[in-house]
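Text of start-v2.pdb, listed as PDB, C-alpha atoms:
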ATOM      1  CA  MET V   4     105.052  70.480 114.890  1.00  0.00           C
ATOM      2  CA  LYS V   5     105.097  73.310 112.328  1.00  0.00           C
ATOM      3  CA  LYS V   6     108.404  75.118 111.930  1.00  0.00           C
ATOM      4  CA  ASN V   7     108.342  78.886 112.273  1.00  0.00           C
ATOM      5  CA  ASN V   8     109.777  80.304 109.018  1.00  0.00           C
ATOM      6  CA  ARG V   9     109.706  83.884 110.208  1.00  0.00           C
ATOM      7  CA  PRO V  10     113.135  85.482 109.814  1.00  0.00           C
ATOM      8  CA  LEU V  11     114.973  86.553 112.933  1.00  0.00           C
ATOM      9  CA  SER V  12     115.262  90.227 113.695  1.00  0.00           C
ATOM     10  CA  PHE V  13     118.707  91.786 113.667  1.00  0.00           C
ATOM     11  CA  ASP V  14     118.701  91.917 117.465  1.00  0.00           C
ATOM     12  CA  ASP V  15     118.168  88.142 117.661  1.00  0.00           C
ATOM     13  CA  LEU V  16     121.354  87.386 115.686  1.00  0.00           C
ATOM     14  CA  SER V  17     124.636  86.423 117.297  1.00  0.00           C
ATOM     15  CA  PRO V  18     127.442  89.022 117.245  1.00  0.00           C
ATOM     16  CA  ALA V  19     129.239  87.123 114.462  1.00  0.00           C
ATOM     17  CA  GLU V  20     126.070  87.005 112.338  1.00  0.00           C
ATOM     18  CA  LYS V  21     125.486  90.723 112.951  1.00  0.00           C
ATOM     19  CA  GLU V  22     129.012  91.450 111.701  1.00  0.00           C
ATOM     20  CA  ARG V  23     128.416  89.345 108.576  1.00  0.00           C
ATOM     21  CA  VAL V  24     125.143  91.146 107.803  1.00  0.00           C
ATOM     22  CA  ALA V  25     126.591  94.596 108.502  1.00  0.00           C
ATOM     23  CA  ALA V  26     129.682  93.914 106.351  1.00  0.00           C
ATOM     24  CA  GLN V  27     127.645  94.018 103.142  1.00  0.00           C
ATOM     25  CA  TYR V  28     126.667  97.631 103.900  1.00  0.00           C
ATOM     26  CA  ASP V  29     130.184  98.722 104.898  1.00  0.00           C
ATOM     27  CA  ARG V  30     131.823  98.225 101.513  1.00  0.00           C
ATOM     28  CA  GLU V  31     132.152 100.872  98.822  1.00  0.00           C
ATOM     29  CA  PHE V  32     129.718 101.073  95.952  1.00  0.00           C
ATOM     30  CA  VAL V  33     131.314  99.211  93.071  1.00  0.00           C
ATOM     31  CA  ILE V  34     130.092 100.271  89.630  1.00  0.00           C
ATOM     32  CA  ASP V  35     131.485  97.071  88.093  1.00  0.00           C
ATOM     33  CA  GLU V  36     128.762  95.101  89.837  1.00  0.00           C
ATOM     34  CA  CYS V  37     126.048  97.059  87.998  1.00  0.00           C
ATOM     35  CA  ARG V  38     124.548  95.993  84.713  1.00  0.00           C
ATOM     36  CA  PRO V  39     122.180  97.546  82.186  1.00  0.00           C
ATOM     37  CA  LEU V  40     118.482  97.094  82.862  1.00  0.00           C
ATOM     38  CA  THR V  41     116.686  94.338  80.997  1.00  0.00           C
ATOM     39  CA  PRO V  42     113.770  95.430  78.781  1.00  0.00           C
ATOM     40  CA  ALA V  43     111.314  94.258  81.472  1.00  0.00           C
ATOM     41  CA  GLU V  44     113.203  96.167  84.181  1.00  0.00           C
ATOM     42  CA  ARG V  45     113.408  99.245  81.931  1.00  0.00           C
ATOM     43  CA  ALA V  46     109.629  99.133  81.354  1.00  0.00           C
ATOM     44  CA  GLN V  47     109.021  98.774  85.087  1.00  0.00           C
ATOM     45  CA  TRP V  48     111.370 101.714  85.788  1.00  0.00           C
ATOM     46  CA  GLU V  49     109.602 103.898  83.204  1.00  0.00           C
ATOM     47  CA  ARG V  50     106.197 103.063  84.743  1.00  0.00           C
ATOM     48  CA  ALA V  51     107.509 103.914  88.215  1.00  0.00           C
ATOM     49  CA  LYS V  52     108.986 107.213  86.990  1.00  0.00           C
ATOM     50  CA  ARG V  53     105.842 108.290  85.179  1.00  0.00           C
ATOM     51  CA  LYS V  54     103.690 110.814  86.951  1.00  0.00           C
ATOM     52  CA  PRO V  55     100.126 109.763  87.600  1.00  0.00           C
ATOM     53  CA  GLY V  56      97.589 111.434  85.375  1.00  0.00           C
ATOM     54  CA  ARG V  57      94.192 111.168  83.892  1.00  0.00           C
ATOM     55  CA  PRO V  58      93.488 108.219  81.616  1.00  0.00           C
ATOM     56  CA  VAL V  59      93.668 109.079  77.937  1.00  0.00           C
ATOM     57  CA  GLU V  60      90.348 108.953  76.122  1.00  0.00           C
ATOM     58  CA  GLY V  61      90.110 108.973  72.352  1.00  0.00           C
ATOM     59  CA  ARG V  62      93.022 110.869  70.855  1.00  0.00           C
ATOM     60  CA  GLY V  63      93.781 112.708  74.083  1.00  0.00           C
ATOM     61  CA  ALA V  64      92.612 116.076  75.321  1.00  0.00           C
ATOM     62  CA  GLN V  65      93.258 119.687  74.384  1.00  0.00           C
ATOM     63  CA  VAL V  66      93.115 122.279  77.143  1.00  0.00           C
ATOM     64  CA  ILE V  67      91.168 125.374  76.077  1.00  0.00           C
ATOM     65  CA  SER V  68      90.171 128.593  77.760  1.00  0.00           C
ATOM     66  CA  VAL V  69      86.460 129.401  77.609  1.00  0.00           C
ATOM     67  CA  SER V  70      84.598 132.205  79.338  1.00  0.00           C
ATOM     68  CA  VAL V  71      81.375 131.088  81.020  1.00  0.00           C
ATOM     69  CA  GLU V  72      78.933 133.201  82.985  1.00  0.00           C
ATOM     70  CA  ARG V  73      79.487 132.563  86.708  1.00  0.00           C
ATOM     71  CA  SER V  74      75.883 131.644  87.490  1.00  0.00           C
ATOM     72  CA  LEU V  75      75.810 129.165  84.577  1.00  0.00           C
ATOM     73  CA  LEU V  76      79.101 127.672  85.740  1.00  0.00           C
ATOM     74  CA  ALA V  77      77.739 127.263  89.267  1.00  0.00           C
ATOM     75  CA  VAL V  78      74.752 125.318  87.906  1.00  0.00           C
ATOM     76  CA  VAL V  79      77.072 123.185  85.759  1.00  0.00           C
ATOM     77  CA  ASP V  80      79.263 122.420  88.767  1.00  0.00           C
ATOM     78  CA  LYS V  81      76.246 121.411  90.876  1.00  0.00           C
ATOM     79  CA  LEU V  82      74.943 119.107  88.142  1.00  0.00           C
ATOM     80  CA  ALA V  83      78.370 117.555  87.583  1.00  0.00           C
ATOM     81  CA  HIS V  84      78.688 116.977  91.327  1.00  0.00           C
ATOM     82  CA  ARG V  85      75.233 115.413  91.492  1.00  0.00           C
ATOM     83  CA  LYS V  86      76.015 113.128  88.535  1.00  0.00           C
ATOM     84  CA  ARG V  87      79.468 112.391  89.986  1.00  0.00           C
ATOM     85  CA  ILE V  88      81.329 113.370  86.843  1.00  0.00           C
ATOM     86  CA  SER V  89      83.847 116.101  86.160  1.00  0.00           C
ATOM     87  CA  ARG V  90      82.913 119.511  84.849  1.00  0.00           C
ATOM     88  CA  ALA V  91      84.900 118.781  81.675  1.00  0.00           C
ATOM     89  CA  LYS V  92      83.025 115.530  81.089  1.00  0.00           C
ATOM     90  CA  LEU V  93      79.652 117.254  81.551  1.00  0.00           C
ATOM     91  CA  ILE V  94      80.624 120.020  79.116  1.00  0.00           C
ATOM     92  CA  ALA V  95      81.838 117.431  76.584  1.00  0.00           C
ATOM     93  CA  ARG V  96      78.493 115.617  76.885  1.00  0.00           C
ATOM     94  CA  GLY V  97      76.703 118.908  76.262  1.00  0.00           C
ATOM     95  CA  LEU V  98      78.806 119.634  73.187  1.00  0.00           C
ATOM     96  CA  ARG V  99      78.080 116.155  71.816  1.00  0.00           C
ATOM     97  CA  ALA V 100      74.341 116.707  72.389  1.00  0.00           C
ATOM     98  CA  VAL V 101      74.424 120.022  70.511  1.00  0.00           C
ATOM     99  CA  LEU V 102      76.375 118.478  67.628  1.00  0.00           C
ATOM    100  CA  ALA V 103      73.936 115.538  67.485  1.00  0.00           C
ATOM    101  CA  ALA V 104      70.992 117.983  67.386  1.00  0.00           C
ATOM    102  CA  GLU V 105      72.660 119.693  64.409  1.00  0.00           C
ATOM    103  CA  GLY V 106      73.021 116.318  62.669  1.00  0.00           C
ATOM    104  CA  ILE V 107      76.781 116.124  63.099  1.00  0.00           C
ATOM    105  CA  ALA V 108      77.813 112.639  64.139  1.00  0.00           C
ATOM    106  CA  VAL V 109      80.566 112.443  66.742  1.00  0.00           C
ATOM    107  CA  SER V 110      81.651 109.067  68.025  1.00  0.00           C
ATOM    108  CA  PRO V 111      81.977 108.654  71.773  1.00  0.00           C
ATOM    109  CA  PRO V 112      85.558 108.719  73.063  1.00  0.00           C
ATOM    110  CA  ALA V 113      87.347 105.388  73.005  1.00  0.00           C
ATOM    111  CA  ARG V 114      89.442 104.402  75.996  1.00  0.00           C
ATOM    112  CA  HIS V 115      93.150 104.515  75.192  1.00  0.00           C
ATOM    113  CA  LYS V 116      95.011 101.270  75.869  1.00  0.00           C
ATOM    114  CA  PRO V 117      98.614 101.944  76.947  1.00  0.00           C
TER     115      PRO V 117
END

Starting from the coordinates I provided, produce the structure as structure tokens.
Amino acid sequence: MKKNNRPLSFDDLSPAEKERVAAQYDREFVIDECRPLTPAERAQWERAKRKPGRPVEGRGAQVISVSVERSLLAVVDKLAHRKRISRAKLIARGLRAVLAAEGIAVSPPARHKP
């Protein structure tokens, strides 16, 4: 017969076992029991702290302010939605196409590896 390895719930414990489990939460926080984080733990902590963001492409992005006629922007937004890409990505593709037509070579963005 297979043994059930599922841990007991707190309610299933005897009163003595409940006291033993609860005792570890009743004591004061002792700073002497702490230690510095290992490099692996530090890296994990830094990843957990980091705010989520967009993946870095190429050398990163520069936010700019550009005025665009509203009707043109509406068409751009519809096309970007239909192609399932962001407005910024569609505009970047357009800029690359114009530069290529002028004979200016621009390499496609490389994915940044963290």

- Message: So the first atom is CA of Lys86 (chain V) and the second is CA of Val109 (chain V); what is the distance between them in Å, to one decimal place?
- Response: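 Separation between CA of Lys86 (chain V) and CA of Val109 (chain V): 22.3 Å.
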
- Message: Excluding Ser12 (chain V) and its own-chain neighbours fewer than 6 positions away, which residues fall within 12 Å of it when counting all atoms listed in the file? Please give them as a PyMOL selection string.
- Response: chain V and resi 20-21+24

Put those residues in a file: C-alpha atoms, as a PDB file, in the coordinates of the input.
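In the end it all went to again.pdb:
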ATOM      1  CA  GLU V  20     126.070  87.005 112.338  1.00  0.00           C
ATOM      2  CA  LYS V  21     125.486  90.723 112.951  1.00  0.00           C
ATOM      3  CA  VAL V  24     125.143  91.146 107.803  1.00  0.00           C
TER       4      VAL V  24
END

- Query: What is the distance, in Å and to one decimal place, between CA of Leu75 (chain V) and CA of Ala95 (chain V)?
  - Reply: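 Interatomic distance here is 15.4 Å.
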
- Query: Mind pulling up the distance from CA of Arg87 (chain V) to CA of Gly56 (chain V)?
  - Reply: 18.7 Å

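Considering only C-alpha atoms, the residue among V:Ala43, V:Ile94, V:Ser110, V:Glu22 positioned nearest to Gly61 (chain V) is V:Ser110.
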
Please give the centre and size of the box around region 34-37 of chain V (axis-aligned, containing every atom listed in the file, 5 Å added per side), with values in Å to one decimal and written as lines of an AutoDock Vina configuration file.
center_x = 128.8
center_y = 97.7
center_z = 88.9
size_x = 15.4
size_y = 15.2
size_z = 11.8

- Message: Measuring between all atoms listed in the file, which one of V:Val101, V:Ile107, V:Ala64, V:Leu93 shows the shortest distance to Leu76 (chain V)?
- Response: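 The shortest atom-to-atom distance to Leu76 (chain V) comes from V:Leu93.
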
- Item | Counting all atoms listed in the file, the residue of V:Ala26, V:Ile34, V:Ala108, V:Ala91 that sits nearest Ser68 (chain V) |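 Closest residue, counting all atoms listed in the file: V:Ala91.
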
- Task: Between V:Asp15, V:Glu36, V:Glu60, V:Asp80, single out the one closest to Pro111 (chain V), counting all atoms listed in the file.
- Result: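 Among V:Asp15, V:Glu36, V:Glu60, V:Asp80, it is V:Glu60 that comes nearest to Pro111 (chain V).
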
- Would you mind telling me which residue in V:Lys92, V:Arg53, V:Arg73, V:His84 lies nearest to Pro112 (chain V) when using only C-alpha atoms? V:Lys92
